[in-house]
Amino acid sequence: MTHLIAPSVLSCDFANIQRDVEMLNNSNADWFHIDVMDGVFVPNISFGFPVLKSIKEHAKKTIDVHLMIVNPDQYVEEFAKYGADILTVHYEACPHLHRTIQLIHSFGMKAGVALNPHTNVSVLENVIQDLDMVLIMSVNPGFGGQKFIDNAINKVSETKELIASKNSKAIIEVDGGVNLETGAKLIEAGAQVLVAGSFVFNSDNPSATIDKLKQL
Ligand code: DX5
Ligand code: ZN
């Protein structure tokens, strides 16, 4: 598959959400990446259901929700109701990860698991066959606009090997500090979905920037 681009709405202009959502609808972006932060799992609070609801009303593409929250099980049903197509939880926030994955699937969503920069890929050995996506964090989660951590490239290669060795159908997404340079290295290593926030929305022409990422 050719790689997908998932712009992170966290970096959009929240006073003009509809305008930015329409821009993404009309661009070559593949997914909407929605970052939900609770101020507990990560040191920042982003937005919750009312904002997701407004985005969903206008968005015409796959809704990819990245939960950076403790106790995500409590909200899985509500995210399904508000239109999430893919729901990704953090390994570090889920003591009963297998149960959480089953819960996500039971509401008809695809299930992803995100790994913080310090977390070994090997922790997914026993659930990789149940996953639709692995999200490799290439920054410490919590904020847009941070510097890319190079070790993420090795982790993408390791994830690709793990997926192949277990015959898993999971795809690999990478999130944090993605630009043309880091994006090219990630794709070479096996990344299939690139999340990009500040690089897209802080550029003069976000739609053209998405094209450039898509052409990598
Ligand atoms: C970070 C979020 C990212 C963030 C990426 O915690 O998960 O999705 O918006 O932003 P950039 O691309 O600016 O690093
Ligand atoms: Zn994210």
# chains A, B, ... in the order shown; residues from 1 in each chain; ligands from 1
>>> closest_atom_pairs(of="chain A", to="ligand 1", cutoff="7 Å", atoms="only C-alpha atoms and all ligand atoms", output="CSV")
residue,atom,partner,partner_atom_place_in_ligand_line,distance
A:Ser8,CA,ligand 1,9 (O),5.0
A:Leu10,CA,ligand 1,9 (O),5.1
A:Ser11,CA,ligand 1,9 (O),6.2
A:His33,CA,ligand 1,8 (O),6.8
A:Asp35,CA,ligand 1,7 (O),5.6
A:His66,CA,ligand 1,7 (O),6.7
A:Val139,CA,ligand 1,1 (C),6.8
A:Asn140,CA,ligand 1,6 (O),6.5
A:Pro141,CA,ligand 1,6 (O),3.3
A:Gly142,CA,ligand 1,6 (O),3.8
A:Phe143,CA,ligand 1,6 (O),4.6
A:Gly144,CA,ligand 1,10 (O),3.5
A:Gly145,CA,ligand 1,13 (O),3.6
A:Gln146,CA,ligand 1,14 (O),5.2
A:Asp175,CA,ligand 1,8 (O),5.4
A:Gly176,CA,ligand 1,14 (O),3.5
A:Gly177,CA,ligand 1,14 (O),3.8
A:Val178,CA,ligand 1,12 (O),5.3
A:Val195,CA,ligand 1,8 (O),6.3
A:Ala196,CA,ligand 1,12 (O),3.8
A:Gly197,CA,ligand 1,12 (O),3.5
A:Ser198,CA,ligand 1,13 (O),3.7
A:Phe199,CA,ligand 1,12 (O),5.9
>>> write_last_selection(atoms="N, CA and C atoms", output="compact mmCIF listing (two decimals), in the first residue's frame")
# COMPACT_ATOMS: atom_id res chain seq x y z
N SER A 8 -2.73 16.10 11.90
CA SER A 8 -3.23 16.19 13.28
C SER A 8 -3.97 17.51 13.47
N LEU A 10 -4.91 18.80 16.02
CA LEU A 10 -4.42 19.55 17.19
C LEU A 10 -3.76 20.87 16.77
N SER A 11 -3.16 20.88 15.58
CA SER A 11 -2.45 22.08 15.14
C SER A 11 -3.31 23.01 14.27
N HIS A 33 -6.45 12.96 12.05
CA HIS A 33 -5.86 12.45 13.30
C HIS A 33 -6.31 13.37 14.45
N ASP A 35 -6.24 14.15 18.42
CA ASP A 35 -5.46 13.92 19.65
C ASP A 35 -6.27 14.33 20.88
N HIS A 66 -6.53 9.29 18.63
CA HIS A 66 -5.37 8.92 19.45
C HIS A 66 -5.65 9.37 20.88
N VAL A 139 7.81 11.41 19.40
CA VAL A 139 8.04 12.46 20.41
C VAL A 139 7.37 11.94 21.68
N ASN A 140 7.67 12.55 22.81
CA ASN A 140 6.90 12.24 24.02
C ASN A 140 5.54 12.91 23.88
N PRO A 141 4.44 12.12 24.03
CA PRO A 141 3.13 12.68 23.72
C PRO A 141 2.75 13.83 24.64
N GLY A 142 1.94 14.73 24.10
CA GLY A 142 1.44 15.85 24.91
C GLY A 142 1.39 17.17 24.15
N PHE A 143 2.27 17.34 23.18
CA PHE A 143 2.35 18.63 22.49
C PHE A 143 2.70 18.44 21.02
N GLY A 144 2.19 19.34 20.19
CA GLY A 144 2.63 19.39 18.81
C GLY A 144 3.94 20.18 18.74
N GLY A 145 4.61 20.09 17.61
CA GLY A 145 5.78 20.94 17.36
C GLY A 145 7.06 20.54 18.06
N GLN A 146 7.16 19.28 18.52
CA GLN A 146 8.40 18.85 19.19
C GLN A 146 9.38 18.22 18.20
N ASP A 175 3.94 9.16 14.75
CA ASP A 175 3.34 10.42 15.19
C ASP A 175 4.36 11.25 15.97
N GLY A 176 4.64 12.46 15.46
CA GLY A 176 5.48 13.40 16.19
C GLY A 176 6.70 13.82 15.40
N GLY A 177 6.79 15.13 15.13
CA GLY A 177 7.98 15.66 14.46
C GLY A 177 8.16 15.20 13.03
N VAL A 178 7.04 14.84 12.38
CA VAL A 178 7.14 14.37 10.99
C VAL A 178 7.24 15.57 10.04
N VAL A 195 1.53 10.78 10.64
CA VAL A 195 0.77 11.87 11.27
C VAL A 195 1.64 13.12 11.17
N ALA A 196 1.03 14.24 10.82
CA ALA A 196 1.80 15.50 10.79
C ALA A 196 0.90 16.63 11.23
N GLY A 197 1.35 17.37 12.24
CA GLY A 197 0.56 18.47 12.77
C GLY A 197 1.13 19.81 12.37
N SER A 198 2.14 20.26 13.12
CA SER A 198 2.68 21.61 12.89
C SER A 198 3.29 21.75 11.49
N PHE A 199 3.89 20.69 10.98
CA PHE A 199 4.51 20.81 9.66
C PHE A 199 3.47 21.15 8.59
>>> residues_around(residues="A:Pro206", least_positions_apart="5", cutoff="12 Å", atoms="only C-alpha atoms", output="PyMOL selection string")
chain A and resi 7-9+11-12+20-24+26-29+196-201+211-213
>>> write_last_selection(atoms="C-alpha atoms", output="short mmCIF file (atom, residue, chain, number, x, y, z; two decimals), in the first residue's frame")
data_model
loop_
_atom_site.label_atom_id
_atom_site.label_comp_id
_atom_site.auth_asym_id
_atom_site.auth_seq_id
_atom_site.Cartn_x
_atom_site.Cartn_y
_atom_site.Cartn_z
CA PRO A 7 -2.88 15.54 9.54
CA SER A 8 -3.23 16.19 13.28
CA VAL A 9 -6.14 18.53 13.92
CA SER A 11 -2.45 22.08 15.14
CA CYS A 12 -5.45 23.58 13.30
CA ASP A 20 -9.61 23.67 8.31
CA VAL A 21 -11.73 20.51 8.15
CA GLU A 22 -12.95 21.51 4.66
CA MET A 23 -9.36 22.18 3.64
CA LEU A 24 -8.49 18.60 4.68
CA ASN A 26 -10.44 18.90 -0.31
CA SER A 27 -6.78 17.90 0.09
CA ASN A 28 -4.95 14.63 -0.53
CA ALA A 29 -4.97 13.86 3.20
CA ALA A 196 1.80 15.50 10.79
CA GLY A 197 0.56 18.47 12.77
CA SER A 198 2.68 21.61 12.89
CA PHE A 199 4.51 20.81 9.66
CA VAL A 200 1.20 20.91 7.79
CA PHE A 201 -0.73 23.64 9.60
CA ASP A 211 0.86 16.73 -1.33
CA LYS A 212 4.60 16.79 -0.65
CA LEU A 213 4.25 14.33 2.22
#
>>> closest_residue(among="A:Glu188, A:Glu57, A:Asp204, A:Glu173", to="ligand 2", atoms="only C-alpha atoms and all ligand atoms")
A:Glu173
>>> select_by_dssp(residues="stretch 74-126 of chain A", states="helix (DSSP H, G or I)", output="list of chain:residue names")
A:Gln74, A:Tyr75, A:Val76, A:Glu77, A:Glu78, A:Phe79, A:Ala80, A:Lys81, A:Tyr91, A:Glu92, A:Ala93, A:Leu97, A:His98, A:Arg99, A:Thr100, A:Ile101, A:Gln102, A:Leu103, A:Ile104, A:His105, A:Ser106, A:Val121, A:Ser122, A:Val123, A:Leu124
>>> residues_around(residues="A:Ala191", least_positions_apart="5", cutoff="9 Å", atoms="only C-alpha atoms", output="ChimeraX atom specification")
/A:3,153,156-157,160,171-174,183,185-186
>>> write_last_selection(atoms="C-alpha atoms", output="mmCIF file, in the first residue's frame")
data_model
loop_
_atom_site.group_PDB
_atom_site.id
_atom_site.type_symbol
_atom_site.label_atom_id
_atom_site.label_comp_id
_atom_site.auth_asym_id
_atom_site.auth_seq_id
_atom_site.Cartn_x
_atom_site.Cartn_y
_atom_site.Cartn_z
ATOM 1 C CA HIS A 3 1.516 5.444 2.582
ATOM 2 C CA ILE A 153 13.064 4.778 12.899
ATOM 3 C CA VAL A 156 9.425 1.078 12.967
ATOM 4 C CA SER A 157 11.796 -1.575 11.564
ATOM 5 C CA LYS A 160 7.627 -4.391 10.799
ATOM 6 C CA ILE A 171 -0.282 -1.352 9.916
ATOM 7 C CA ILE A 172 2.330 1.059 11.298
ATOM 8 C CA GLU A 173 1.589 4.722 12.037
ATOM 9 C CA VAL A 174 4.161 7.237 13.301
ATOM 10 C CA GLY A 183 8.906 11.226 6.831
ATOM 11 C CA LYS A 185 13.231 7.872 6.561
ATOM 12 C CA LEU A 186 10.117 6.503 8.264
#
>>> closest_residue(among="A:Phe14, A:Pro117, A:Ala170, A:Phe41", to="A:Asn154", atoms="only C-alpha atoms")
A:Pro117
>>> residues_around(residues="A:Ile128", least_positions_apart="6", cutoff="9 Å", atoms="only C-alpha atoms", output="PyMOL selection string")
chain A and resi 134+162-163+166-170
>>> closest_residue(among="A:Leu194, A:His96, A:Ala152, A:Leu67", to="A:Gly39", atoms="only C-alpha atoms")
A:Leu67
>>> closest_residue(among="A:Ile55, A:Leu87, A:Leu103, A:Ala80", to="ligand 2", atoms="only C-alpha atoms and all ligand atoms")
A:Leu87
>>> select_by_dssp(residues="stretch 33-209 of chain A", states="strand (DSSP E or B)", output="number ranges by chain")
A: 33-38, 45, 62-68, 86-90, 110-115, 133-137, 171-175, 193-196
>>> write_last_selection(atoms="C-alpha atoms", output="PDB file, in the first residue's frame")
ATOM      1  CA  HIS A  33      -5.860  12.454  13.303  1.00  0.00           C
ATOM      2  CA  ILE A  34      -7.621  13.519  16.512  1.00  0.00           C
ATOM      3  CA  ASP A  35      -5.464  13.922  19.652  1.00  0.00           C
ATOM      4  CA  VAL A  36      -7.369  13.610  22.927  1.00  0.00           C
ATOM      5  CA  MET A  37      -5.325  14.518  26.044  1.00  0.00           C
ATOM      6  CA  ASP A  38      -6.543  14.401  29.631  1.00  0.00           C
ATOM      7  CA  ILE A  45      -5.336  18.987  27.932  1.00  0.00           C
ATOM      8  CA  THR A  62     -11.527   8.280   8.253  1.00  0.00           C
ATOM      9  CA  ILE A  63     -11.481   9.525  11.861  1.00  0.00           C
ATOM     10  CA  ASP A  64      -8.307   8.302  13.587  1.00  0.00           C
ATOM     11  CA  VAL A  65      -8.546   9.008  17.325  1.00  0.00           C
ATOM     12  CA  HIS A  66      -5.373   8.924  19.449  1.00  0.00           C
ATOM     13  CA  LEU A  67      -6.275   8.696  23.133  1.00  0.00           C
ATOM     14  CA  MET A  68      -3.643  10.049  25.512  1.00  0.00           C
ATOM     15  CA  ILE A  86      -9.910   3.805  14.522  1.00  0.00           C
ATOM     16  CA  LEU A  87      -9.350   4.093  18.263  1.00  0.00           C
ATOM     17  CA  THR A  88      -5.763   4.007  19.531  1.00  0.00           C
ATOM     18  CA  VAL A  89      -4.928   3.628  23.213  1.00  0.00           C
ATOM     19  CA  HIS A  90      -1.530   3.834  24.895  1.00  0.00           C
ATOM     20  CA  LYS A 110     -10.378  -0.694  14.424  1.00  0.00           C
ATOM     21  CA  ALA A 111      -7.968  -0.961  17.358  1.00  0.00           C
ATOM     22  CA  GLY A 112      -4.543   0.636  17.621  1.00  0.00           C
ATOM     23  CA  VAL A 113      -1.935   0.639  20.379  1.00  0.00           C
ATOM     24  CA  ALA A 114       0.556   3.494  20.795  1.00  0.00           C
ATOM     25  CA  LEU A 115       4.028   3.105  22.296  1.00  0.00           C
ATOM     26  CA  MET A 133      -2.505  -0.651  13.952  1.00  0.00           C
ATOM     27  CA  VAL A 134       0.653   0.091  15.954  1.00  0.00           C
ATOM     28  CA  LEU A 135       1.375   3.775  16.607  1.00  0.00           C
ATOM     29  CA  ILE A 136       5.041   4.525  17.199  1.00  0.00           C
ATOM     30  CA  MET A 137       5.440   7.828  19.043  1.00  0.00           C
ATOM     31  CA  ILE A 171      -0.282  -1.352   9.916  1.00  0.00           C
ATOM     32  CA  ILE A 172       2.330   1.059  11.298  1.00  0.00           C
ATOM     33  CA  GLU A 173       1.589   4.722  12.037  1.00  0.00           C
ATOM     34  CA  VAL A 174       4.161   7.237  13.301  1.00  0.00           C
ATOM     35  CA  ASP A 175       3.335  10.423  15.189  1.00  0.00           C
ATOM     36  CA  VAL A 193       0.682   6.173   8.024  1.00  0.00           C
ATOM     37  CA  LEU A 194       2.387   9.500   8.775  1.00  0.00           C
ATOM     38  CA  VAL A 195       0.767  11.873  11.266  1.00  0.00           C
ATOM     39  CA  ALA A 196       1.803  15.496  10.788  1.00  0.00           C
TER      40      ALA A 196
END
>>> residues_around(residues="A:Phe49", least_positions_apart="4", cutoff="10 Å", atoms="only C-alpha atoms", output="PDB file with C-alpha atoms, in the first residue's frame")
ATOM      1  CA  VAL A  36      -7.369  13.610  22.927  1.00  0.00           C
ATOM      2  CA  LYS A  53     -18.641  15.957  17.330  1.00  0.00           C
ATOM      3  CA  SER A  54     -18.151  19.228  15.405  1.00  0.00           C
ATOM      4  CA  ILE A  55     -15.251  17.797  13.404  1.00  0.00           C
ATOM      5  CA  GLU A  78     -18.678   7.110  23.566  1.00  0.00           C
ATOM      6  CA  PHE A  79     -15.875   7.442  21.013  1.00  0.00           C
ATOM      7  CA  LYS A  81     -20.871   6.970  19.178  1.00  0.00           C
ATOM      8  CA  TYR A  82     -19.054  10.169  18.185  1.00  0.00           C
TER       9      TYR A  82
END
>>> closest_residue(among="A:Asp132, A:Lys56, A:Asn71, A:Glu181", to="A:Gly83", atoms="only C-alpha atoms")
A:Lys56
>>> atom_distance(atom1="atom CA of A:Asp85", atom2="atom CA of A:Asn126")
23.6 Å
>>> closest_residue(among="A:Lys155, A:Arg99, A:Lys214, A:His58", to="A:Pro72", atoms="only C-alpha atoms")
A:Arg99
>>> decode(residues="stretch 151-166 of chain A", atoms="all heavy atoms", output="mmCIF file, in the first residue's frame")
data_model
loop_
_atom_site.group_PDB
_atom_site.id
_atom_site.type_symbol
_atom_site.label_atom_id
_atom_site.label_comp_id
_atom_site.auth_asym_id
_atom_site.auth_seq_id
_atom_site.Cartn_x
_atom_site.Cartn_y
_atom_site.Cartn_z
ATOM 1 N N ASN A 151 15.387 7.450 17.251
ATOM 2 C CA ASN A 151 15.238 6.021 17.540
ATOM 3 C C ASN A 151 13.901 5.450 17.045
ATOM 4 O O ASN A 151 13.760 4.233 16.896
ATOM 5 C CB ASN A 151 15.397 5.785 19.052
ATOM 6 C CG ASN A 151 15.452 4.321 19.395
ATOM 7 O OD1 ASN A 151 16.214 3.566 18.798
ATOM 8 N ND2 ASN A 151 14.605 3.894 20.324
ATOM 9 N N ALA A 152 12.941 6.330 16.782
ATOM 10 C CA ALA A 152 11.641 5.861 16.276
ATOM 11 C C ALA A 152 11.824 5.086 14.964
ATOM 12 O O ALA A 152 11.056 4.160 14.669
ATOM 13 C CB ALA A 152 10.702 7.038 16.057
ATOM 14 N N ILE A 153 12.834 5.459 14.184
ATOM 15 C CA ILE A 153 13.064 4.778 12.899
ATOM 16 C C ILE A 153 13.407 3.303 13.147
ATOM 17 O O ILE A 153 12.861 2.409 12.498
ATOM 18 C CB ILE A 153 14.166 5.500 12.103
ATOM 19 C CG1 ILE A 153 13.684 6.921 11.759
ATOM 20 C CG2 ILE A 153 14.538 4.729 10.831
ATOM 21 C CD1 ILE A 153 14.767 7.861 11.319
ATOM 22 N N ASN A 154 14.286 3.032 14.146
ATOM 23 C CA ASN A 154 14.602 1.630 14.492
ATOM 24 C C ASN A 154 13.352 0.906 14.968
ATOM 25 O O ASN A 154 13.142 -0.271 14.658
ATOM 26 C CB ASN A 154 15.632 1.565 15.631
ATOM 27 C CG ASN A 154 16.911 2.271 15.260
ATOM 28 O OD1 ASN A 154 17.308 2.262 14.100
ATOM 29 N ND2 ASN A 154 17.550 2.906 16.239
ATOM 30 N N LYS A 155 12.531 1.620 15.735
ATOM 31 C CA LYS A 155 11.327 0.968 16.263
ATOM 32 C C LYS A 155 10.339 0.614 15.155
ATOM 33 O O LYS A 155 9.643 -0.398 15.238
ATOM 34 C CB LYS A 155 10.673 1.851 17.336
ATOM 35 C CG LYS A 155 11.495 1.880 18.621
ATOM 36 C CD LYS A 155 10.900 2.788 19.661
ATOM 37 C CE LYS A 155 9.651 2.218 20.308
ATOM 38 N NZ LYS A 155 9.159 3.109 21.395
ATOM 39 N N VAL A 156 10.288 1.416 14.113
ATOM 40 C CA VAL A 156 9.425 1.078 12.967
ATOM 41 C C VAL A 156 9.926 -0.221 12.324
ATOM 42 O O VAL A 156 9.135 -1.132 12.035
ATOM 43 C CB VAL A 156 9.376 2.230 11.943
ATOM 44 C CG1 VAL A 156 8.712 1.785 10.645
ATOM 45 C CG2 VAL A 156 8.631 3.429 12.527
ATOM 46 N N SER A 157 11.237 -0.336 12.147
ATOM 47 C CA SER A 157 11.796 -1.575 11.564
ATOM 48 C C SER A 157 11.476 -2.771 12.449
ATOM 49 O O SER A 157 11.090 -3.844 11.953
ATOM 50 C CB SER A 157 13.318 -1.480 11.418
ATOM 51 O OG SER A 157 13.659 -0.339 10.697
ATOM 52 N N GLU A 158 11.638 -2.601 13.755
ATOM 53 C CA GLU A 158 11.346 -3.712 14.682
ATOM 54 C C GLU A 158 9.868 -4.093 14.617
ATOM 55 O O GLU A 158 9.515 -5.277 14.670
ATOM 56 C CB GLU A 158 11.691 -3.302 16.123
ATOM 57 C CG GLU A 158 13.182 -3.210 16.380
ATOM 58 C CD GLU A 158 13.504 -2.547 17.728
ATOM 59 O OE1 GLU A 158 12.587 -2.397 18.573
ATOM 60 O OE2 GLU A 158 14.663 -2.161 17.920
ATOM 61 N N THR A 159 9.004 -3.093 14.516
ATOM 62 C CA THR A 159 7.557 -3.370 14.454
ATOM 63 C C THR A 159 7.227 -4.125 13.172
ATOM 64 O O THR A 159 6.429 -5.077 13.173
ATOM 65 C CB THR A 159 6.745 -2.054 14.526
ATOM 66 O OG1 THR A 159 7.182 -1.309 15.653
ATOM 67 C CG2 THR A 159 5.264 -2.316 14.630
ATOM 68 N N LYS A 160 7.860 -3.710 12.086
ATOM 69 C CA LYS A 160 7.627 -4.391 10.799
ATOM 70 C C LYS A 160 8.012 -5.867 10.908
ATOM 71 O O LYS A 160 7.273 -6.752 10.449
ATOM 72 C CB LYS A 160 8.462 -3.689 9.715
ATOM 73 C CG LYS A 160 8.115 -4.107 8.320
ATOM 74 C CD LYS A 160 8.925 -3.343 7.303
ATOM 75 C CE LYS A 160 8.733 -3.973 5.933
ATOM 76 N NZ LYS A 160 9.590 -3.366 4.920
ATOM 77 N N GLU A 161 9.147 -6.128 11.562
ATOM 78 C CA GLU A 161 9.594 -7.523 11.739
ATOM 79 C C GLU A 161 8.620 -8.306 12.616
ATOM 80 O O GLU A 161 8.283 -9.453 12.314
ATOM 81 C CB GLU A 161 10.978 -7.557 12.397
ATOM 82 C CG GLU A 161 12.101 -7.316 11.413
ATOM 83 C CD GLU A 161 13.444 -7.121 12.117
ATOM 84 O OE1 GLU A 161 13.633 -7.665 13.227
ATOM 85 O OE2 GLU A 161 14.285 -6.399 11.549
ATOM 86 N N LEU A 162 8.179 -7.672 13.697
ATOM 87 C CA LEU A 162 7.245 -8.353 14.613
ATOM 88 C C LEU A 162 5.950 -8.705 13.873
ATOM 89 O O LEU A 162 5.439 -9.827 13.986
ATOM 90 C CB LEU A 162 6.950 -7.451 15.820
ATOM 91 C CG LEU A 162 5.921 -7.982 16.814
ATOM 92 C CD1 LEU A 162 6.395 -9.276 17.472
ATOM 93 C CD2 LEU A 162 5.604 -6.931 17.876
ATOM 94 N N ILE A 163 5.431 -7.759 13.106
ATOM 95 C CA ILE A 163 4.182 -7.978 12.362
ATOM 96 C C ILE A 163 4.343 -9.146 11.385
ATOM 97 O O ILE A 163 3.496 -10.045 11.318
ATOM 98 C CB ILE A 163 3.772 -6.677 11.628
ATOM 99 C CG1 ILE A 163 3.270 -5.646 12.644
ATOM 100 C CG2 ILE A 163 2.723 -6.945 10.555
ATOM 101 C CD1 ILE A 163 3.086 -4.240 12.092
ATOM 102 N N ALA A 164 5.474 -9.162 10.679
ATOM 103 C CA ALA A 164 5.711 -10.239 9.703
ATOM 104 C C ALA A 164 5.862 -11.584 10.412
ATOM 105 O O ALA A 164 5.304 -12.594 9.969
ATOM 106 C CB ALA A 164 6.948 -9.922 8.874
ATOM 107 N N SER A 165 6.579 -11.595 11.526
ATOM 108 C CA SER A 165 6.855 -12.866 12.210
ATOM 109 C C SER A 165 5.585 -13.481 12.789
ATOM 110 O O SER A 165 5.506 -14.694 12.975
ATOM 111 C CB SER A 165 7.890 -12.675 13.314
ATOM 112 O OG SER A 165 7.307 -12.011 14.418
ATOM 113 N N LYS A 166 4.592 -12.667 13.075
ATOM 114 C CA LYS A 166 3.347 -13.193 13.674
ATOM 115 C C LYS A 166 2.196 -13.195 12.676
ATOM 116 O O LYS A 166 1.037 -13.406 13.065
ATOM 117 C CB LYS A 166 2.945 -12.338 14.884
ATOM 118 C CG LYS A 166 3.976 -12.282 15.982
ATOM 119 C CD LYS A 166 3.838 -13.460 16.930
ATOM 120 C CE LYS A 166 4.782 -13.281 18.111
ATOM 121 N NZ LYS A 166 4.716 -14.381 19.058
#
